[in-house]
Each structure stands twice: as C-alpha cells, then as structure tokens.
Amino acid sequence: MKDTEKKETIYGNIETWETHKLLEELLQSQTKSFNAVKNALNEIELAVSSSLKKIKKRNSKIVYVGAGTSGRIGALDGVELIPTFGWPNDRVQFCFSGDDPFKATEGSEDSEELAVEHFNNKNINQDDVVIGLAASGSTKYTLKIIELSRNMGALTIGISNNKNSLLLNVAEMKICLETGSEFLAGSTRLAAGTSQKIALNLFSTSLMIKLNRVYKGFMIDVVASNEKLKKRSQYILSEITGCSEEAAIKFLKQTNYNIRLSLMLFHNYTIEDAQKILKENDNDLHKILK
C-alpha cells in the first residue's frame with residue numbers, strides 16, 4: 001500500500017471528535033507538507049536550473065499535467081503566471097484528464113488514449129518543460145504524457161508524494177514530497193495537495209525571477225488589466241524610481257502600462273531603443289541600468 005493511502009490509528013474515530021479538536025489536528029497534520037517540501041529543496045532547485053535552460057528559448061512552453069486534485073493544483077499555478085509575471089498565454093499549457101476541472105471525472109485518469117490525444121493537441125516538443133503531478137505517482141494519464149514528452153526530448157519533472165513511484169521513475173527530474181498518510185485516510189487533497197501547491201509556488205516563482213521578470217523585488221511584468229493593477233503598476237514604478245505618482249502615470253500611459261518599458265523611459269531611453277536593448281540583454285534590467 002502506498003504511504004499516502006495508509007490509515008493512522010490515532011485518527012480512527014475522528015467523526016466523534018469535537019469541532020475544535022478536528023480543526024487543531026487538521027492544521028497540525030498540514031505541517032508535514034512544509035517539511036516535505038523543505039526536504040526536497042535540492043530537487044526543486046535542480047528542476048528550476050534545468051528548466052531555465054529550456055524555457056529561455058523563444059517558443060518553449062511550460063506544460064502542467066495531472067488528474068483530479070493534482071491537475072487542478074497545476075492549473076492554479078500555471079494560470080497565475082500570466083497576470084503575475086506577464087508570461088505569454090501561448091507559452092503555458094494544461095493537460096487535465098477531465099473535460100471540466102470544476103467537475104469530478106476521476107475515471108478519466110486511467111485513460112492512456114486520452115493522454116495521447118492531449119499530448120498531440122498541445123504540440124509538446126523538445127523545447128518544452130512538462131510538469132507531471134500525481135500524489136500516488138501511478139496515474140496512468142499523467143504517466144503516459146510524461147513518457148511521451150520525455151521521448152520527444154522535453155524536460156520532464158515528476159512531482160509525487162510516494163517515493164519509488166512510477167512517475168518518479170519515468171520523469172527526468174524527480175521531486176518526491178513525502179507527506180505520508182493523511183488525516184483523512186487516502187484524501188490526498190490534504191497534506192499531499194498542500195505540499196504540491198507549496199512546491200509549485202517555489203518552482204514557478206523562482207523560475208520567473210531567474211527569467212528577469214522581477215526587479216528590485218517587484219513584479220515588473222504584472223498585467224494591468226484592471227484599475228487595481230493599474231494602481232499597483234503606478235506604485236511599483238514610483239517605488240523603484242522615486243518619481244511622483246503623476247510622473248509614473250505619464251510614463252505608464254506612454255507604454256500601455258508596461259512597467260519595464262516605463263522604467264527605461266524614466267532613464268531617458270526612447271521606446272524603440274528600450275525595446276532593442278531589452279531584447280539584446282534578455283530583459284535584464286540589472287545589467288542595463290547598473
């Protein structure tokens with residue numbers, strides 16, 4: 001039996017516990033998620049550095065693969081790359097075993113035929129980074145896409161909560177988050193799911209920082225798609241440059257609220273020159289504005 005499926009005898013009668021005790025023990029059980037990620041930091045670091053080499057290519061994609069809870073957690077991480085870091089829509093893809101992530105379609109996770117179909121639909125190639133998530137590490141749908149992706153030459157990262165799982169054997173990069181048994185036996189949306197979310201937070205945020213999408217601790221590629229984010233862009237530009245809010249608005253309006261370009265305008269570059277220099281220097285503002 002997999003560690004994530006085992007039942008702890010101390011949780012044998014949780015349905016009889018008072019609500020406060022339930023909450024306390026549930027919270028305590030989540031600490032193993034943090035510890036599991038901490039123990040896997042070296043593996044996560046290797047995954048970031050390896051992904052960085054692939055993802056610097058102009059047309060490379062990050063592809064999240066999973067079923068059930070793991071698939072939804074992957075989608076949650078990936079979709080946030082777009083507004084937070086200005087990551088292009090067409091450079092993040094999702095392979096989810098169900099037709100609708102808002103509905104439980106657990107039977108689809110056993111379909112290798114569906115996996116092949118989704119692999120082909122997403123045009124996964126040798127330049128991509130493909131992240132497979134499965135608490136059990138044995139989900140057929142996820143295993144098949146990771147296998148096909150690795151054979152294609154893509155960088156494959158397997159994230160599982162069971163050591164020596166099939167997923168960790170198939171993927172090139174192996175991240176094992178050993179959360180063990182769950183408070184509610186077999187419910188891997190709990191500690192296992194929390195650990196996956198933490199690990200992806202660390203992985204994707206570190207990757208975006210190393211891709212020069214953060215400057216002076218700020219999200220300089222945030223997409224100002226609403227009034228709140230426009231205000232945030234004004235604040236970020238003012239904080240970095242020390243200019244007034246009025247000046248920040250003036251620069252941002254010239255660049256359609258592109259903070260990176262607005263920073264260059266503040267430093268007396270034209271938009272055309274700024275775009276050229278940024279491209280030549282991999283968008284590294286530390287290198288350009290040193």
# chains A, B, ... in the order shown; residues from 1 in each chain; ligands from 1

$ select_by_dssp --residues "region 6-221 of chain A" --states "alpha helix (DSSP H)" --output "number ranges by chain"
A: 19-29, 31-39, 41-55, 68-79, 81-85, 112-121, 140-152, 166-170, 191-210

$ select_by_dssp --residues "region 36-251 of chain A" --states "strand (DSSP E or B)" --output "list in words"
Ile62, Val63, Tyr64, Val65, Gly66, Val92, Gln93, Phe94, Cys95, Phe96, Val129, Val130, Ile131, Gly132, Leu133, Ala134, Leu155, Thr156, Ile157, Gly158, Ile159, Ser160, Met173, Lys174, Ile175, Cys176, Tyr215 and Phe218 of chain A

$ closest_atom_pairs --of "region 1-83 of chain A" --to "region 205-208 of chain A" --cutoff "8 Å" --atoms "only C-alpha atoms" --output "Markdown table"
| residue | atom | partner | partner_atom | distance |
| --- | --- | --- | --- | --- |
| A:Val48 | CA | A:Leu207 | CA | 5.8 |
| A:Ser49 | CA | A:Leu207 | CA | 7.9 |
| A:Ser51 | CA | A:Leu207 | CA | 7.7 |
| A:Leu52 | CA | A:Leu207 | CA | 6.6 |

$ closest_residue --among "A:Phe94, A:Phe218, A:Tyr257, A:Phe119" --to "Ile236 (chain A)" --atoms "only C-alpha atoms"
A:Phe218

$ closest_residue --among "A:Ile175, A:Leu237, A:Leu166, A:Leu263" --to "Lys2 (chain A)" --atoms "only C-alpha atoms"
A:Leu166

$ residues_around --residues "Val37 (chain A)" --least-positions-apart "5" --cutoff "12 Å" --atoms "only C-alpha atoms" --output "list in words"
Gln30, Thr31, Lys32, Asn42, Glu43, Ile44, Glu45, Ile159, Ser160, Asn161, Ile175, Cys176, Leu177, Glu178, Thr179, Ala191, Ala192, Gly193, Thr194, Ser195, Gln196, Lys197, Ile198, Ala199, Leu200, Asn201, Leu202 and Phe203 of chain A

$ write_last_selection --atoms "N, CA and C atoms" --output "PDB file, in the first residue's frame"
ATOM      1  N   GLN A  30      -1.058  19.418   8.584  1.00  0.00           N
ATOM      2  CA  GLN A  30      -0.557  20.117   7.408  1.00  0.00           C
ATOM      3  C   GLN A  30       0.921  20.479   7.521  1.00  0.00           C
ATOM      4  N   THR A  31       1.469  20.451   8.739  1.00  0.00           N
ATOM      5  CA  THR A  31       2.883  20.809   8.893  1.00  0.00           C
ATOM      6  C   THR A  31       3.795  19.845   8.153  1.00  0.00           C
ATOM      7  N   LYS A  32       3.330  18.619   7.960  1.00  0.00           N
ATOM      8  CA  LYS A  32       4.157  17.658   7.221  1.00  0.00           C
ATOM      9  C   LYS A  32       4.321  18.074   5.762  1.00  0.00           C
ATOM     10  N   ASN A  42      16.575  20.655  -2.664  1.00  0.00           N
ATOM     11  CA  ASN A  42      17.662  20.411  -3.629  1.00  0.00           C
ATOM     12  C   ASN A  42      17.106  19.938  -4.967  1.00  0.00           C
ATOM     13  N   GLU A  43      16.097  19.076  -4.906  1.00  0.00           N
ATOM     14  CA  GLU A  43      15.484  18.582  -6.138  1.00  0.00           C
ATOM     15  C   GLU A  43      14.730  19.706  -6.860  1.00  0.00           C
ATOM     16  N   ILE A  44      14.061  20.564  -6.102  1.00  0.00           N
ATOM     17  CA  ILE A  44      13.347  21.697  -6.707  1.00  0.00           C
ATOM     18  C   ILE A  44      14.343  22.666  -7.340  1.00  0.00           C
ATOM     19  N   GLU A  45      15.457  22.902  -6.669  1.00  0.00           N
ATOM     20  CA  GLU A  45      16.495  23.783  -7.207  1.00  0.00           C
ATOM     21  C   GLU A  45      17.021  23.249  -8.542  1.00  0.00           C
ATOM     22  N   ILE A 159       6.368  15.179  -9.925  1.00  0.00           N
ATOM     23  CA  ILE A 159       6.131  15.542  -8.528  1.00  0.00           C
ATOM     24  C   ILE A 159       5.156  14.536  -7.938  1.00  0.00           C
ATOM     25  N   SER A 160       5.648  13.752  -6.996  1.00  0.00           N
ATOM     26  CA  SER A 160       4.844  12.683  -6.396  1.00  0.00           C
ATOM     27  C   SER A 160       5.014  12.699  -4.891  1.00  0.00           C
ATOM     28  N   ASN A 161       4.053  12.123  -4.183  1.00  0.00           N
ATOM     29  CA  ASN A 161       4.128  12.070  -2.725  1.00  0.00           C
ATOM     30  C   ASN A 161       4.451  10.676  -2.216  1.00  0.00           C
ATOM     31  N   ILE A 175      10.903  14.981  -8.038  1.00  0.00           N
ATOM     32  CA  ILE A 175      10.646  15.707  -6.794  1.00  0.00           C
ATOM     33  C   ILE A 175       9.682  14.881  -5.955  1.00  0.00           C
ATOM     34  N   CYS A 176      10.210  14.294  -4.899  1.00  0.00           N
ATOM     35  CA  CYS A 176       9.383  13.462  -4.021  1.00  0.00           C
ATOM     36  C   CYS A 176       9.037  14.264  -2.774  1.00  0.00           C
ATOM     37  N   LEU A 177       7.753  14.445  -2.536  1.00  0.00           N
ATOM     38  CA  LEU A 177       7.249  15.171  -1.370  1.00  0.00           C
ATOM     39  C   LEU A 177       6.626  14.148  -0.422  1.00  0.00           C
ATOM     40  N   GLU A 178       7.406  13.652   0.505  1.00  0.00           N
ATOM     41  CA  GLU A 178       6.964  12.548   1.355  1.00  0.00           C
ATOM     42  C   GLU A 178       6.090  13.046   2.505  1.00  0.00           C
ATOM     43  N   THR A 179       4.826  13.207   2.220  1.00  0.00           N
ATOM     44  CA  THR A 179       3.878  13.661   3.245  1.00  0.00           C
ATOM     45  C   THR A 179       3.282  12.506   4.037  1.00  0.00           C
ATOM     46  N   ALA A 191      -2.702  16.978   2.970  1.00  0.00           N
ATOM     47  CA  ALA A 191      -1.262  17.233   3.100  1.00  0.00           C
ATOM     48  C   ALA A 191      -0.535  17.106   1.765  1.00  0.00           C
ATOM     49  N   ALA A 192      -0.866  16.087   0.993  1.00  0.00           N
ATOM     50  CA  ALA A 192      -0.201  15.904  -0.303  1.00  0.00           C
ATOM     51  C   ALA A 192      -0.489  17.087  -1.223  1.00  0.00           C
ATOM     52  N   GLY A 193      -1.757  17.495  -1.279  1.00  0.00           N
ATOM     53  CA  GLY A 193      -2.132  18.619  -2.128  1.00  0.00           C
ATOM     54  C   GLY A 193      -1.462  19.911  -1.692  1.00  0.00           C
ATOM     55  N   THR A 194      -1.420  20.150  -0.376  1.00  0.00           N
ATOM     56  CA  THR A 194      -0.770  21.354   0.137  1.00  0.00           C
ATOM     57  C   THR A 194       0.707  21.367  -0.235  1.00  0.00           C
ATOM     58  N   SER A 195       1.363  20.242  -0.110  1.00  0.00           N
ATOM     59  CA  SER A 195       2.797  20.177  -0.436  1.00  0.00           C
ATOM     60  C   SER A 195       3.039  20.445  -1.919  1.00  0.00           C
ATOM     61  N   GLN A 196       2.156  19.955  -2.767  1.00  0.00           N
ATOM     62  CA  GLN A 196       2.293  20.207  -4.211  1.00  0.00           C
ATOM     63  C   GLN A 196       2.157  21.695  -4.514  1.00  0.00           C
ATOM     64  N   LYS A 197       1.191  22.349  -3.860  1.00  0.00           N
ATOM     65  CA  LYS A 197       0.993  23.784  -4.075  1.00  0.00           C
ATOM     66  C   LYS A 197       2.211  24.576  -3.614  1.00  0.00           C
ATOM     67  N   ILE A 198       2.751  24.239  -2.456  1.00  0.00           N
ATOM     68  CA  ILE A 198       3.945  24.938  -1.964  1.00  0.00           C
ATOM     69  C   ILE A 198       5.112  24.735  -2.917  1.00  0.00           C
ATOM     70  N   ALA A 199       5.320  23.491  -3.343  1.00  0.00           N
ATOM     71  CA  ALA A 199       6.441  23.190  -4.238  1.00  0.00           C
ATOM     72  C   ALA A 199       6.320  23.950  -5.552  1.00  0.00           C
ATOM     73  N   LEU A 200       5.113  24.019  -6.105  1.00  0.00           N
ATOM     74  CA  LEU A 200       4.916  24.758  -7.350  1.00  0.00           C
ATOM     75  C   LEU A 200       5.089  26.258  -7.143  1.00  0.00           C
ATOM     76  N   ASN A 201       4.651  26.778  -5.994  1.00  0.00           N
ATOM     77  CA  ASN A 201       4.889  28.192  -5.678  1.00  0.00           C
ATOM     78  C   ASN A 201       6.384  28.502  -5.747  1.00  0.00           C
ATOM     79  N   LEU A 202       7.179  27.651  -5.111  1.00  0.00           N
ATOM     80  CA  LEU A 202       8.624  27.846  -5.082  1.00  0.00           C
ATOM     81  C   LEU A 202       9.215  27.719  -6.476  1.00  0.00           C
ATOM     82  N   PHE A 203       8.814  26.670  -7.181  1.00  0.00           N
ATOM     83  CA  PHE A 203       9.377  26.399  -8.511  1.00  0.00           C
ATOM     84  C   PHE A 203       9.078  27.522  -9.492  1.00  0.00           C
TER      85      PHE A 203
END

$ closest_atom_pairs --of "region 39-86 of chain A" --to "region 143-157 of chain A" --cutoff "10 Å" --atoms "only C-alpha atoms" --output "tab-separated table"
residue	atom	partner	partner_atom	distance
A:Glu43	CA	A:Ile157	CA	10.0
A:Ile44	CA	A:Ile157	CA	9.5
A:Ala47	CA	A:Ile157	CA	7.0
A:Val48	CA	A:Ile157	CA	9.9
A:Ser50	CA	A:Leu155	CA	7.8
A:Ser51	CA	A:Leu155	CA	7.1
A:Lys53	CA	A:Leu155	CA	9.8
A:Lys54	CA	A:Leu155	CA	7.5
A:Ile55	CA	A:Leu155	CA	9.7
A:Ser60	CA	A:Ala154	CA	9.6
A:Lys61	CA	A:Ala154	CA	9.8
A:Ile62	CA	A:Leu155	CA	9.7
A:Val63	CA	A:Thr156	CA	9.5
A:Tyr64	CA	A:Ile157	CA	9.6
A:Val65	CA	A:Ile145	CA	7.6
A:Gly66	CA	A:Leu143	CA	9.1

$ write_last_selection --atoms "C-alpha atoms" --output "PDB file, in the first residue's frame"
ATOM      1  CA  GLU A  43      15.484  18.582  -6.138  1.00  0.00           C
ATOM      2  CA  ILE A  44      13.347  21.697  -6.707  1.00  0.00           C
ATOM      3  CA  ALA A  47      14.359  21.462 -11.588  1.00  0.00           C
ATOM      4  CA  VAL A  48      14.493  25.286 -11.694  1.00  0.00           C
ATOM      5  CA  SER A  50      17.286  22.744 -15.704  1.00  0.00           C
ATOM      6  CA  SER A  51      14.017  24.422 -16.717  1.00  0.00           C
ATOM      7  CA  LYS A  53      17.949  26.392 -19.875  1.00  0.00           C
ATOM      8  CA  LYS A  54      14.919  25.121 -21.806  1.00  0.00           C
ATOM      9  CA  ILE A  55      12.489  27.933 -21.217  1.00  0.00           C
ATOM     10  CA  SER A  60       9.227  26.923 -25.412  1.00  0.00           C
ATOM     11  CA  LYS A  61       6.222  26.154 -23.199  1.00  0.00           C
ATOM     12  CA  ILE A  62       5.541  25.176 -19.612  1.00  0.00           C
ATOM     13  CA  VAL A  63       3.007  22.345 -19.575  1.00  0.00           C
ATOM     14  CA  TYR A  64       1.218  21.204 -16.408  1.00  0.00           C
ATOM     15  CA  VAL A  65      -0.108  17.636 -16.409  1.00  0.00           C
ATOM     16  CA  GLY A  66      -2.382  15.973 -13.900  1.00  0.00           C
TER      17      GLY A  66
END

$ closest_residue --among "A:Glu113, A:Ser165, A:Val222, A:Asn120" --to "Ser138 (chain A)" --atoms "only C-alpha atoms"
A:Ser165

$ closest_residue --among "A:Asp273, A:Leu265, A:Lys122, A:Phe183" --to "Ile14 (chain A)" --atoms "only C-alpha atoms"
A:Phe183

$ residues_around --residues "Asn13 (chain A)" --least-positions-apart "3" --cutoff "12 Å" --atoms "only C-alpha atoms" --output "ChimeraX atom specification"
/A:7-10,16-18,21-22,183-185

$ closest_residue --among "A:Leu229, A:Val79, A:Ala67, A:Leu46" --to "Phe96 (chain A)" --atoms "only C-alpha atoms"
A:Ala67

$ closest_residue --among "A:Leu211, A:Ser244, A:Lys216, A:Asn256" --to "Lys230 (chain A)" --atoms "only C-alpha atoms"
A:Asn256

$ residues_around --residues "Lys253 (chain A)" --least-positions-apart "6" --cutoff "12 Å" --atoms "only C-alpha atoms" --output "ChimeraX atom specification"
/A:224,230,233-234,246-247,259,261-262,265

$ atom_distance --atom1 "CA of Glu80 (chain A)" --atom2 "CA of Asn281 (chain A)"
25.5 Å

$ residues_around --residues "His267 (chain A)" --least-positions-apart "6" --cutoff "12 Å" --atoms "only C-alpha atoms" --output "ChimeraX atom specification"
/A:240-241,243,251,260-261,273-274,285,288-290

$ write_last_selection --atoms "N, CA and C atoms" --output "CSV table (one decimal), in the first residue's frame"
chain,number,residue,atom,x,y,z
A,240,ILE,N,10.3,52.2,-7.3
A,240,ILE,CA,11.6,51.8,-7.9
A,240,ILE,C,12.3,53.1,-8.3
A,241,THR,N,11.6,54.1,-8.9
A,241,THR,CA,12.3,55.3,-9.4
A,241,THR,C,12.3,56.4,-8.5
A,243,CYS,N,9.9,58.5,-8.4
A,243,CYS,CA,9.2,59.6,-9.1
A,243,CYS,C,7.8,59.7,-8.5
A,251,PHE,N,4.5,58.1,-17.6
A,251,PHE,CA,5.3,57.1,-18.3
A,251,PHE,C,4.5,55.9,-18.6
A,260,ARG,N,8.2,47.7,-17.3
A,260,ARG,CA,9.6,47.6,-17.7
A,260,ARG,C,10.0,48.7,-18.7
A,261,LEU,N,9.2,48.9,-19.7
A,261,LEU,CA,9.4,50.0,-20.7
A,261,LEU,C,9.4,51.3,-20.0
A,273,ASP,N,14.5,52.4,-28.7
A,273,ASP,CA,15.8,52.0,-28.2
A,273,ASP,C,15.7,51.0,-27.0
A,274,ALA,N,14.7,51.3,-26.1
A,274,ALA,CA,14.5,50.4,-25.0
A,274,ALA,C,14.1,49.0,-25.4
A,285,LEU,N,17.3,44.1,-16.4
A,285,LEU,CA,17.4,45.5,-16.0
A,285,LEU,C,18.6,45.8,-15.1
A,288,ILE,N,21.3,46.4,-17.6
A,288,ILE,CA,21.1,47.6,-18.4
A,288,ILE,C,21.2,48.8,-17.6
A,289,LEU,N,20.7,48.8,-16.4
A,289,LEU,CA,20.6,50.0,-15.6
A,289,LEU,C,21.6,50.0,-14.4
A,290,LYS,N,22.7,49.3,-14.5
A,290,LYS,CA,23.6,49.3,-13.5
A,290,LYS,C,24.3,50.6,-13.2

$ atom_distance --atom1 "CA of Asp284 (chain A)" --atom2 "CA of Lys210 (chain A)"
9.6 Å
